[in-house]
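*Asks:* Below is the file input_6.txt, which contains compact mmCIF, C-alpha atoms.
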```txt
# COMPACT_ATOMS: atom_id res chain seq x y z
CA MET A 183 64.70 -136.10 -194.78
CA ALA A 184 64.98 -139.65 -196.15
CA LYS A 185 64.75 -142.58 -193.79
CA PRO A 186 68.04 -143.43 -192.12
CA VAL A 187 70.19 -145.90 -194.00
CA THR A 188 71.33 -149.07 -192.32
CA PRO A 189 74.06 -147.89 -189.96
CA ALA A 190 77.61 -148.78 -190.80
CA PRO A 191 80.04 -149.27 -187.92
CA ARG A 192 80.82 -145.52 -187.73
CA PHE A 193 77.17 -144.49 -187.91
CA THR A 194 76.86 -144.10 -184.18
CA GLU A 195 76.85 -140.73 -182.51
CA LEU A 196 80.37 -139.44 -181.93
CA SER A 197 81.36 -139.17 -178.28
CA SER A 198 84.31 -136.83 -178.87
CA PRO A 199 84.22 -133.95 -176.34
CA THR A 200 84.97 -131.60 -179.26
CA TYR A 201 81.81 -132.58 -181.10
CA GLN A 202 79.71 -132.89 -177.95
CA SER A 203 80.51 -129.25 -177.20
CA PHE A 204 78.53 -128.31 -180.32
CA ASP A 205 75.43 -128.91 -178.19
CA LEU A 206 76.23 -125.63 -176.42
CA LEU A 207 75.89 -123.65 -179.66
CA ALA A 208 72.74 -121.90 -180.87
CA THR A 209 73.73 -122.45 -184.50
CA LEU A 210 72.86 -125.71 -186.25
CA VAL A 211 75.83 -128.06 -186.56
CA THR A 212 76.30 -131.56 -187.88
CA VAL A 213 79.37 -133.69 -188.58
CA VAL A 214 79.28 -135.92 -191.65
CA ASP A 215 81.66 -138.50 -193.06
CA ARG A 216 83.17 -138.45 -196.54
CA SER A 217 80.02 -139.99 -198.03
CA GLY A 218 77.80 -137.31 -196.49
CA HIS A 219 76.20 -139.49 -193.82
CA VAL A 220 75.60 -137.90 -190.42
CA LEU A 221 77.95 -138.87 -187.60
CA PHE A 222 76.82 -136.21 -185.13
CA SER A 223 73.98 -133.69 -184.86
CA ASN A 224 73.76 -131.03 -182.20
CA SER A 225 70.56 -130.39 -180.25
CA ALA A 226 69.83 -127.11 -182.07
CA LEU A 227 69.66 -128.92 -185.42
CA GLU A 228 67.51 -131.63 -183.89
CA ASP A 229 65.02 -129.01 -182.67
CA VAL A 230 64.84 -127.21 -186.02
CA LEU A 231 64.44 -130.35 -188.13
CA GLY A 232 61.81 -131.75 -185.79
CA ILE A 233 63.52 -135.16 -185.92
CA SER A 234 65.19 -137.01 -183.07
CA ARG A 235 68.95 -137.16 -183.07
CA ARG A 236 68.78 -140.95 -183.22
CA SER A 237 66.97 -140.68 -186.56
CA ILE A 238 69.36 -138.06 -187.94
CA VAL A 239 72.57 -140.00 -187.24
CA GLY A 240 73.34 -142.33 -190.12
CA SER A 241 71.13 -140.55 -192.65
CA ALA A 242 72.31 -138.90 -195.86
CA PHE A 243 72.37 -135.26 -194.80
CA ALA A 244 71.97 -133.95 -198.36
CA GLU A 245 68.39 -135.24 -198.28
CA ALA A 246 67.61 -132.67 -195.57
CA PHE A 247 67.78 -129.93 -198.24
CA THR A 248 65.36 -129.04 -200.99
CA GLU A 249 68.30 -129.26 -203.43
CA PRO A 250 70.53 -132.15 -202.25
CA SER A 251 73.02 -131.70 -205.09
CA GLN A 252 74.35 -128.45 -203.60
CA LEU A 253 75.60 -130.17 -200.45
CA GLN A 254 76.89 -133.17 -202.39
CA ASN A 255 78.96 -130.93 -204.65
CA ALA A 256 80.29 -129.00 -201.66
CA LEU A 257 81.29 -132.21 -199.87
CA GLU A 258 83.08 -133.48 -202.97
CA GLY A 259 85.03 -130.24 -203.12
CA ALA A 260 85.97 -130.57 -199.46
CA ILE A 261 87.12 -134.16 -199.92
CA GLU A 262 89.27 -133.20 -202.89
CA ASN A 263 90.83 -130.35 -200.89
CA GLU A 264 89.56 -127.73 -203.32
CA PHE A 265 88.91 -125.32 -200.44
CA GLY A 266 89.35 -124.97 -196.68
CA ALA A 267 85.78 -123.78 -196.16
CA MET A 268 82.85 -123.16 -198.44
CA ARG A 269 79.71 -121.07 -198.00
CA TYR A 270 76.42 -121.01 -199.86
CA ASP A 271 72.72 -120.42 -199.22
CA ALA A 272 70.17 -123.23 -199.24
CA TRP A 273 66.74 -124.32 -198.01
CA LEU A 274 66.52 -126.79 -195.13
CA LYS A 275 63.46 -129.06 -194.98
CA ARG A 276 61.57 -129.29 -191.66
CA VAL A 277 58.90 -131.71 -190.48
CA GLY A 278 55.54 -129.94 -190.32
CA TYR A 279 56.95 -126.53 -191.30
CA GLU A 280 58.00 -124.63 -194.40
CA ALA A 281 61.58 -124.96 -195.56
CA LEU A 282 64.02 -122.73 -193.68
CA PRO A 283 66.49 -120.50 -195.58
CA VAL A 284 69.98 -121.09 -194.17
CA HIS A 285 73.56 -120.08 -194.82
CA VAL A 286 75.65 -123.27 -195.08
CA ILE A 287 79.32 -123.38 -194.06
CA ILE A 288 81.33 -126.50 -194.97
CA THR A 289 84.61 -126.99 -193.08
CA ARG A 290 87.04 -129.91 -193.13
CA THR A 291 88.37 -131.25 -189.86
CA ASP A 292 92.07 -131.80 -189.36
CA PRO A 293 92.94 -134.43 -190.43
CA ALA A 294 90.30 -134.13 -193.17
CA GLU A 295 88.45 -137.32 -192.34
CA ASP A 296 85.14 -135.78 -191.19
CA ILE A 297 83.40 -132.64 -192.39
CA ILE A 298 81.61 -130.08 -190.22
CA VAL A 299 78.44 -128.56 -191.68
CA GLU A 300 77.24 -125.40 -189.94
CA LEU A 301 73.83 -123.93 -190.78
CA ILE A 302 72.96 -120.36 -189.86
CA PRO A 303 69.32 -119.37 -190.40
CA LEU A 304 69.39 -116.35 -192.69
CA GLU A 305 66.96 -114.55 -190.38
CA GLN A 306 69.47 -115.00 -187.56
CA GLN A 307 72.33 -113.88 -189.80
CA THR A 308 70.37 -110.78 -190.79
CA ARG A 309 69.66 -110.06 -187.13
CA GLN A 310 73.34 -110.39 -186.22
CA ASP A 311 74.32 -108.06 -189.03
CA ARG A 312 71.71 -105.54 -187.88
CA GLU A 313 72.97 -105.74 -184.29
CA GLU A 314 76.53 -105.15 -185.43
CA ARG A 315 75.41 -102.08 -187.38
CA ILE A 316 73.54 -100.77 -184.34
CA LEU A 317 76.58 -101.21 -182.10
CA GLU A 318 78.92 -99.60 -184.62
CA GLN A 319 76.44 -96.79 -185.16
CA ALA A 320 76.11 -96.17 -181.42
CA GLN A 321 79.89 -96.05 -180.99
CA SER A 322 80.20 -93.61 -183.89
CA ASN A 323 77.38 -91.50 -182.46
CA LYS A 324 79.10 -91.43 -179.09
CA GLU A 325 82.35 -90.12 -180.53
CA LEU A 326 80.55 -87.67 -182.81
CA ILE A 327 78.45 -86.29 -179.98
CA ARG A 328 81.36 -85.82 -177.61
CA ASN A 329 83.56 -84.15 -180.19
CA LEU A 330 80.81 -81.96 -181.57
CA ALA A 331 79.58 -80.93 -178.13
CA HIS A 332 83.03 -79.85 -177.03
CA GLU A 333 83.61 -77.93 -180.26
CA ILE A 334 80.31 -76.08 -179.79
CA LYS A 335 80.67 -75.44 -176.08
CA ASN A 336 83.91 -73.46 -176.15
CA PRO A 337 82.93 -70.71 -178.65
CA LEU A 338 79.39 -70.67 -177.22
CA GLY A 339 80.67 -69.35 -173.90
CA GLY A 340 82.58 -66.65 -175.72
CA ILE A 341 79.53 -65.59 -177.73
CA ARG A 342 77.38 -65.32 -174.61
CA GLY A 343 80.04 -63.38 -172.72
CA ALA A 344 80.55 -60.97 -175.59
CA ALA A 345 76.79 -60.37 -175.83
CA GLN A 346 76.64 -59.57 -172.11
CA LEU A 347 79.52 -57.08 -172.38
CA LEU A 348 77.97 -55.50 -175.43
CA GLU A 349 74.68 -55.13 -173.59
CA LEU A 350 76.41 -53.16 -170.81
CA GLU A 351 77.67 -50.64 -173.38
CA MET A 352 74.26 -50.02 -174.93
CA ASP A 353 71.86 -47.31 -173.85
CA SER A 354 69.06 -48.18 -176.26
CA PRO A 355 66.48 -50.72 -174.95
CA GLU A 356 65.70 -51.62 -178.55
CA LEU A 357 69.28 -52.74 -179.18
CA THR A 358 69.31 -54.56 -175.86
CA GLU A 359 66.56 -56.82 -177.19
CA TYR A 360 69.01 -58.15 -179.80
CA THR A 361 71.66 -58.97 -177.22
CA GLN A 362 69.01 -60.77 -175.15
CA VAL A 363 68.16 -62.90 -178.17
CA ILE A 364 71.84 -63.83 -178.50
CA ILE A 365 72.08 -64.68 -174.79
CA HIS A 366 68.88 -66.72 -174.75
CA GLU A 367 69.83 -68.70 -177.86
CA ALA A 368 73.31 -69.30 -176.45
CA ASP A 369 71.71 -70.65 -173.26
CA ARG A 370 69.42 -72.89 -175.31
CA LEU A 371 72.36 -74.32 -177.21
CA GLN A 372 74.29 -74.74 -173.96
CA SER A 373 71.38 -76.77 -172.56
CA LEU A 374 71.40 -78.95 -175.67
CA VAL A 375 75.15 -79.52 -175.37
CA ASP A 376 74.79 -80.46 -171.70
CA ARG A 377 72.13 -83.03 -172.61
CA LEU A 378 74.41 -84.47 -175.28
CA LEU A 379 77.26 -84.85 -172.81
CA ALA A 380 75.13 -85.96 -169.84
CA PRO A 381 75.38 -89.76 -170.35
CA HIS A 382 79.16 -89.55 -170.73
CA ARG A 383 79.69 -87.35 -167.69
CA ARG A 384 77.46 -89.01 -165.14
CA PRO A 385 79.04 -91.93 -163.27
CA HIS A 386 77.39 -95.35 -163.58
CA MET A 387 75.43 -95.77 -160.31
CA VAL A 388 75.13 -99.55 -159.94
CA SER A 389 72.63 -101.18 -157.60
CA ASP A 390 70.14 -104.07 -157.58
CA VAL A 391 67.43 -103.37 -160.16
CA ASN A 392 63.93 -104.85 -160.29
CA ILE A 393 62.81 -104.25 -163.86
CA HIS A 394 59.14 -104.23 -162.84
CA GLU A 395 59.74 -101.39 -160.41
CA VAL A 396 61.26 -99.52 -163.35
CA CYS A 397 58.24 -100.25 -165.54
CA GLU A 398 55.78 -99.26 -162.82
CA ARG A 399 57.57 -95.97 -162.24
CA VAL A 400 57.38 -95.19 -165.95
CA ARG A 401 53.75 -96.31 -166.12
CA SER A 402 52.77 -93.92 -163.32
CA LEU A 403 54.49 -91.02 -165.08
CA ILE A 404 52.82 -91.79 -168.42
CA VAL A 405 49.37 -92.22 -166.85
CA ALA A 406 49.77 -88.91 -165.00
CA GLU A 407 50.58 -87.09 -168.25
CA PHE A 408 48.00 -88.91 -170.38
CA PRO A 409 45.13 -89.69 -167.99
CA LYS A 410 42.45 -90.18 -170.66
CA GLY A 411 42.29 -92.12 -173.91
CA LEU A 412 45.41 -94.22 -173.23
CA THR A 413 45.31 -97.74 -171.79
CA VAL A 414 48.57 -99.04 -170.33
CA ILE A 415 48.75 -102.84 -170.40
CA ARG A 416 51.18 -104.79 -168.22
CA ASP A 417 52.29 -108.30 -169.16
CA TYR A 418 55.03 -109.19 -166.70
CA ASP A 419 57.02 -112.33 -166.02
CA THR A 420 57.39 -111.96 -162.27
CA SER A 421 60.08 -114.66 -162.12
CA ILE A 422 62.67 -112.33 -163.67
CA PRO A 423 65.49 -111.91 -161.12
CA GLU A 424 67.02 -108.65 -160.04
CA PHE A 425 70.24 -107.65 -161.73
CA ARG A 426 73.00 -105.12 -161.21
CA GLY A 427 72.40 -101.89 -163.08
CA ASP A 428 71.80 -98.16 -162.95
CA HIS A 429 68.22 -97.74 -161.75
CA GLU A 430 67.87 -94.11 -162.88
CA GLN A 431 69.35 -94.75 -166.31
CA LEU A 432 66.94 -97.61 -166.92
CA ILE A 433 63.96 -95.51 -165.81
CA GLN A 434 65.06 -92.78 -168.21
CA THR A 435 65.51 -95.33 -170.99
CA VAL A 436 62.04 -96.84 -170.67
CA LEU A 437 60.49 -93.41 -170.10
CA ASN A 438 62.06 -91.98 -173.26
CA ILE A 439 60.66 -94.85 -175.34
CA ALA A 440 57.24 -94.84 -173.66
CA HIS A 441 56.90 -91.06 -173.85
CA ASN A 442 57.75 -91.08 -177.56
CA ALA A 443 55.15 -93.79 -178.06
CA ALA A 444 52.48 -91.86 -176.14
CA GLN A 445 53.12 -88.74 -178.19
CA ALA A 446 52.88 -90.78 -181.40
CA LEU A 447 49.50 -92.05 -180.17
CA SER A 448 47.97 -88.56 -180.04
CA GLU A 449 45.31 -89.32 -182.65
CA ARG A 450 44.31 -92.60 -181.01
CA ILE A 451 44.29 -90.94 -177.58
CA ALA A 452 41.81 -88.41 -178.95
CA ILE A 453 39.63 -91.30 -180.16
CA GLY A 454 40.12 -93.19 -176.91
CA ASP A 455 41.60 -96.49 -178.17
CA ALA A 456 45.33 -95.88 -177.66
CA GLU A 457 47.27 -98.76 -176.10
CA LEU A 458 50.75 -98.95 -174.62
CA THR A 459 52.00 -102.37 -173.52
CA PHE A 460 54.91 -103.28 -171.25
CA THR A 461 55.97 -106.93 -171.64
CA THR A 462 58.83 -108.64 -169.80
CA ARG A 463 60.24 -112.08 -170.53
CA VAL A 464 63.35 -114.14 -169.81
CA MET A 465 65.25 -115.34 -172.86
CA ARG A 466 67.55 -118.35 -172.56
CA GLN A 467 70.68 -119.10 -174.56
CA ILE A 468 70.42 -115.91 -176.59
CA THR A 469 73.08 -114.24 -178.68
CA PHE A 470 73.24 -110.49 -179.23
CA GLY A 471 75.98 -107.93 -179.45
CA LYS A 472 78.34 -110.70 -180.69
CA GLN A 473 78.07 -112.50 -177.34
CA ARG A 474 76.04 -115.44 -176.10
CA TYR A 475 74.23 -115.19 -172.78
CA ARG A 476 72.66 -117.91 -170.68
CA LEU A 477 69.87 -115.58 -169.58
CA ALA A 478 68.71 -112.18 -170.75
CA LEU A 479 65.90 -109.76 -170.00
CA GLU A 480 63.62 -109.01 -172.93
CA LEU A 481 61.51 -105.90 -172.29
CA HIS A 482 59.03 -104.79 -174.95
CA VAL A 483 57.39 -101.37 -175.14
CA ILE A 484 54.63 -101.75 -177.74
CA ASP A 485 52.14 -99.18 -179.02
CA ASN A 486 49.34 -99.29 -181.57
CA GLY A 487 50.26 -95.99 -183.19
CA PRO A 488 51.03 -95.08 -186.80
CA GLY A 489 54.53 -96.57 -186.75
CA VAL A 490 57.96 -95.09 -187.32
CA PRO A 491 58.12 -93.06 -190.56
CA ASP A 492 60.00 -94.92 -193.30
CA SER A 493 62.17 -91.86 -193.89
CA ILE A 494 63.84 -92.22 -190.47
CA LYS A 495 63.38 -95.93 -189.71
CA ASP A 496 67.05 -96.72 -190.37
CA ARG A 497 68.25 -93.63 -188.50
CA ILE A 498 65.94 -93.62 -185.51
CA PHE A 499 68.78 -93.97 -182.98
CA TYR A 500 70.89 -91.25 -184.61
CA PRO A 501 71.26 -88.06 -182.56
CA LEU A 502 69.01 -85.13 -183.51
CA VAL A 503 66.74 -87.34 -185.65
CA SER A 504 63.09 -86.99 -184.66
CA GLY A 505 59.82 -88.12 -186.18
CA ARG A 506 57.75 -85.26 -184.77
CA ASP A 507 57.85 -81.49 -184.93
CA GLY A 508 59.61 -79.95 -181.97
CA GLY A 509 61.36 -83.15 -180.95
CA SER A 510 65.00 -82.90 -179.88
CA GLY A 511 65.95 -86.26 -181.41
CA LEU A 512 67.96 -87.18 -178.32
CA GLY A 513 65.60 -89.47 -176.38
CA LEU A 514 66.26 -92.68 -178.29
CA THR A 515 69.96 -91.90 -178.70
CA LEU A 516 70.33 -91.59 -174.94
CA ALA A 517 68.20 -94.71 -174.40
CA GLN A 518 70.46 -96.77 -176.65
CA THR A 519 73.53 -95.36 -174.89
CA PHE A 520 72.18 -96.21 -171.44
CA VAL A 521 71.24 -99.77 -172.45
CA GLN A 522 74.62 -100.37 -174.05
CA GLN A 523 76.23 -99.31 -170.79
CA HIS A 524 74.40 -102.34 -169.37
CA HIS A 525 75.92 -104.50 -172.17
CA GLY A 526 72.51 -104.60 -173.82
CA LEU A 527 70.83 -103.49 -177.00
CA ILE A 528 67.60 -101.85 -178.20
CA GLU A 529 65.90 -103.01 -181.40
CA VAL A 530 62.78 -101.70 -183.07
CA ASP A 531 60.21 -103.40 -185.29
CA SER A 532 57.58 -101.03 -186.64
CA VAL A 533 54.62 -101.27 -188.99
CA PRO A 534 51.49 -99.10 -189.07
CA GLY A 535 49.39 -100.11 -186.08
CA ARG A 536 52.20 -101.73 -184.10
CA THR A 537 55.60 -100.42 -183.02
CA ASP A 538 57.70 -102.68 -180.79
CA PHE A 539 60.84 -101.42 -179.03
CA LYS A 540 62.71 -104.41 -177.59
CA ILE A 541 65.30 -103.91 -174.86
CA LEU A 542 67.74 -106.79 -174.29
CA ILE A 543 69.92 -106.84 -171.16
CA PRO A 544 72.01 -109.79 -169.89
CA LEU A 545 70.91 -111.34 -166.58
CA PRO A 546 73.14 -113.03 -164.01
```
Take the structure I supplied and represent it as structure tokens, if you would.

*Replies:*
Amino acid sequence: MAKPVTPAPRFTELSSPTYQSFDLLATLVTVVDRSGHVLFSNSALEDVLGISRRSIVGSAFAEAFTEPSQLQNALEGAIENEFGAMRYDAWLKRVGYEALPVHVIITRTDPAEDIIVELIPLEQQTRQDREERILEQAQSNKELIRNLAHEIKNPLGGIRGAAQLLELEMDSPELTEYTQVIIHEADRLQSLVDRLLAPHRRPHMVSDVNIHEVCERVRSLIVAEFPKGLTVIRDYDTSIPEFRGDHEQLIQTVLNIAHNAAQALSERIAIGDAELTFTTRVMRQITFGKQRYRLALELHVIDNGPGVPDSIKDRIFYPLVSGRDGGSGLGLTLAQTFVQQHHGLIEVDSVPGRTDFKILIPLP
């Protein structure tokens, strides 16, 4: 950014409560006058630029971009009332760092004396879009599962009952074997349907939850099942407060993820260098699920396995989608459902050698 110009009378930071409230936002916001000089900069923009707010106020904001003409043209359009708001993508220069790709939103104030420039890092925008897709997908999955399970359950009972009656009429043991196959398969499908409906039937049992007790419970179960070749690493932030939640649901959530990871580590377990890591952190002023939270739990379950197959990476939370033979494809679906019942979200970042499942849950 160019050195600040000599301040004109208005080139002092605005004290309007409306503009001061921009400091509460995670997005980058500045207010400029008709000539494009900064009147106000929120703290988020100050942090990203690496320049003090005192230095930003009074400067020509277009010089903060790799292509200043884009902002200048947008401001001219705003001044001439060519549009109410304008959007475009640009690169924001930062002190000591590479330029940051941002989505720029230009909005006139009313009356149109000052202009608000909002900058959304494209990485953040992509993340928000991904979260919205996950939430929409989970809601669709929930409705699909419930409807499908009920449609299957009703005729399934009739099939099983008919097979039992037919078996009573048969004298041949050989034919009875066929009716037993029908009954056993009907029972297997009934068990699957019950698992699909379980998270929607069971009441939410709320109590005080210590996330580290949850992790330790899961760790003990994993170590008992995989006693050799797997190292479980704990990296806890013990300052994380307790929160209200369903203790059993959260254990099942973390266990489903950790168990999937341990099974994916089978080759490394055989070699003896498999690692599973539980990491807990507190995130401050974080936005996810279209809401902003003052505090949130960030729980990572990380493994050094082969990674999620590309063929299912975008569908990993879909019901009945599994990356291994014999898998039911319900573990991650149920985990996402349980976390969303806590107003949270599960994300996954996977490359060969490192798969990271991140659980986000709001804290009080």

*Asks:* If you measure from atom CA of Ser241 of chain A to atom CA of Asp229 of chain A, what distance in Å do you get, rounded to one decimal?

*Replies:*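 Between atom CA of Ser241 of chain A and atom CA of Asp229 of chain A the gap works out to 16.4 Å.
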
*Asks:* Quick one: distance from atom CA of Gln473 of chain A to atom CA of Arg536 of chain A in Å, one decimal?

*Replies:* 28.8 Å

*Asks:* One decimal, Å: what's the distance from atom CA of Glu333 of chain A over to atom CA of Gln372 of chain A, could you say?

*Replies:* 11.7 Å

*Asks:* Place a sphere of radius 9 Å on (74.2, -119.7, -171.4) in the file coordinates and name every protein, DNA or RNA residue with an atom inside or on its surface, counting all atoms listed in the file; give the answer as a PyMOL selection string.

*Replies:* chain A and resi 206+466-468+474-477

*Asks:* Hey, can you pull every residue with an atom no more than 9 Å from (67.8, -101.6, -166.9), using only C-alpha atoms, and send it as a list in words?

*Replies:*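 Looking at atoms near the point gives Val391, Asn392, Ile393, Val396, Phe425, Arg426, Gly427, Asp428, His429, Glu430, Gln431, Leu432, Ile433, Thr435, Val436, Leu479, Phe520, Val521, His524, Gly526, Ile541 and Ile543 of chain A.
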
*Asks:* At a cut-off of 10 Å, using all atoms listed in the file, what residues contact segment 250-265 of chain A? Leave out same-chain residues fewer than 3 positions from it and give the result as number ranges by chain.

*Replies:* A: 214-218, 242-247, 268-274, 286-291, 294-299

*Asks:* Can you work out which one of A:Lys495, A:His482, A:Lys540, A:His441 has the shortest atom-to-atom distance to Leu403 of chain A, counting all atoms listed in the file?

*Replies:*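 Closest residue, counting all atoms listed in the file: A:His441.
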
*Asks:* Could you name the residues that touch Arg416 of chain A at 12 Å or less, counting only C-alpha atoms, but leaving out those on the same chain fewer than 2 positions away, as a list in words?

*Replies:*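 My list of contacting residues is His394, Cys397, Glu398, Val400, Arg401, Thr413, Val414, Tyr418, Asp419, Thr420, Glu457, Leu458, Thr459, Phe460, Thr461, Thr462, Arg463, Leu481, His482, Val483 and Ile484 of chain A.
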
*Asks:* Missing atoms in segment 521-537 of chain A: fill them in up to N, CA and C atoms and send the result as a PDB file, keeping the file's coordinate frame.

*Replies:*
```pdb
ATOM      1  N   VAL A 521      71.375 -98.313-172.389  1.00  0.00           N
ATOM      2  CA  VAL A 521      71.240 -99.770-172.450  1.00  0.00           C
ATOM      3  C   VAL A 521      72.575-100.419-172.800  1.00  0.00           C
ATOM      4  N   GLN A 522      73.318 -99.811-173.692  1.00  0.00           N
ATOM      5  CA  GLN A 522      74.620-100.370-174.050  1.00  0.00           C
ATOM      6  C   GLN A 522      75.595-100.309-172.870  1.00  0.00           C
ATOM      7  N   GLN A 523      75.416 -99.340-171.992  1.00  0.00           N
ATOM      8  CA  GLN A 523      76.230 -99.310-170.790  1.00  0.00           C
ATOM      9  C   GLN A 523      75.901-100.473-169.853  1.00  0.00           C
ATOM     10  N   HIS A 524      74.771-101.113-170.098  1.00  0.00           N
ATOM     11  CA  HIS A 524      74.400-102.340-169.370  1.00  0.00           C
ATOM     12  C   HIS A 524      74.701-103.578-170.218  1.00  0.00           C
ATOM     13  N   HIS A 525      75.531-103.414-171.251  1.00  0.00           N
ATOM     14  CA  HIS A 525      75.920-104.500-172.170  1.00  0.00           C
ATOM     15  C   HIS A 525      74.731-105.024-172.953  1.00  0.00           C
ATOM     16  N   GLY A 526      73.707-104.180-173.118  1.00  0.00           N
ATOM     17  CA  GLY A 526      72.510-104.600-173.820  1.00  0.00           C
ATOM     18  C   GLY A 526      72.333-103.905-175.150  1.00  0.00           C
ATOM     19  N   LEU A 527      71.112-103.971-175.656  1.00  0.00           N
ATOM     20  CA  LEU A 527      70.830-103.490-177.000  1.00  0.00           C
ATOM     21  C   LEU A 527      69.343-103.172-177.107  1.00  0.00           C
ATOM     22  N   ILE A 528      69.005-102.159-177.900  1.00  0.00           N
ATOM     23  CA  ILE A 528      67.600-101.850-178.200  1.00  0.00           C
ATOM     24  C   ILE A 528      67.374-102.079-179.687  1.00  0.00           C
ATOM     25  N   GLU A 529      66.303-102.804-180.013  1.00  0.00           N
ATOM     26  CA  GLU A 529      65.900-103.010-181.400  1.00  0.00           C
ATOM     27  C   GLU A 529      64.486-102.493-181.575  1.00  0.00           C
ATOM     28  N   VAL A 530      64.131-102.181-182.806  1.00  0.00           N
ATOM     29  CA  VAL A 530      62.780-101.700-183.070  1.00  0.00           C
ATOM     30  C   VAL A 530      62.210-102.416-184.289  1.00  0.00           C
ATOM     31  N   ASP A 531      60.944-102.790-184.183  1.00  0.00           N
ATOM     32  CA  ASP A 531      60.210-103.400-185.290  1.00  0.00           C
ATOM     33  C   ASP A 531      58.903-102.620-185.412  1.00  0.00           C
ATOM     34  N   SER A 532      58.718-101.941-186.536  1.00  0.00           N
ATOM     35  CA  SER A 532      57.580-101.030-186.640  1.00  0.00           C
ATOM     36  C   SER A 532      56.851-101.175-187.958  1.00  0.00           C
ATOM     37  N   VAL A 533      55.541-101.316-187.854  1.00  0.00           N
ATOM     38  CA  VAL A 533      54.620-101.270-188.990  1.00  0.00           C
ATOM     39  C   VAL A 533      53.433-100.435-188.544  1.00  0.00           C
ATOM     40  N   PRO A 534      52.674 -99.869-189.477  1.00  0.00           N
ATOM     41  CA  PRO A 534      51.490 -99.100-189.070  1.00  0.00           C
ATOM     42  C   PRO A 534      50.571 -99.937-188.180  1.00  0.00           C
ATOM     43  N   GLY A 535      50.250 -99.405-187.019  1.00  0.00           N
ATOM     44  CA  GLY A 535      49.390-100.110-186.080  1.00  0.00           C
ATOM     45  C   GLY A 535      50.124-100.860-184.994  1.00  0.00           C
ATOM     46  N   ARG A 536      51.441-101.013-185.135  1.00  0.00           N
ATOM     47  CA  ARG A 536      52.200-101.730-184.100  1.00  0.00           C
ATOM     48  C   ARG A 536      53.680-101.363-184.182  1.00  0.00           C
ATOM     49  N   THR A 537      54.176-100.725-183.140  1.00  0.00           N
ATOM     50  CA  THR A 537      55.600-100.420-183.020  1.00  0.00           C
ATOM     51  C   THR A 537      56.117-101.082-181.750  1.00  0.00           C
TER      52      THR A 537
END
```
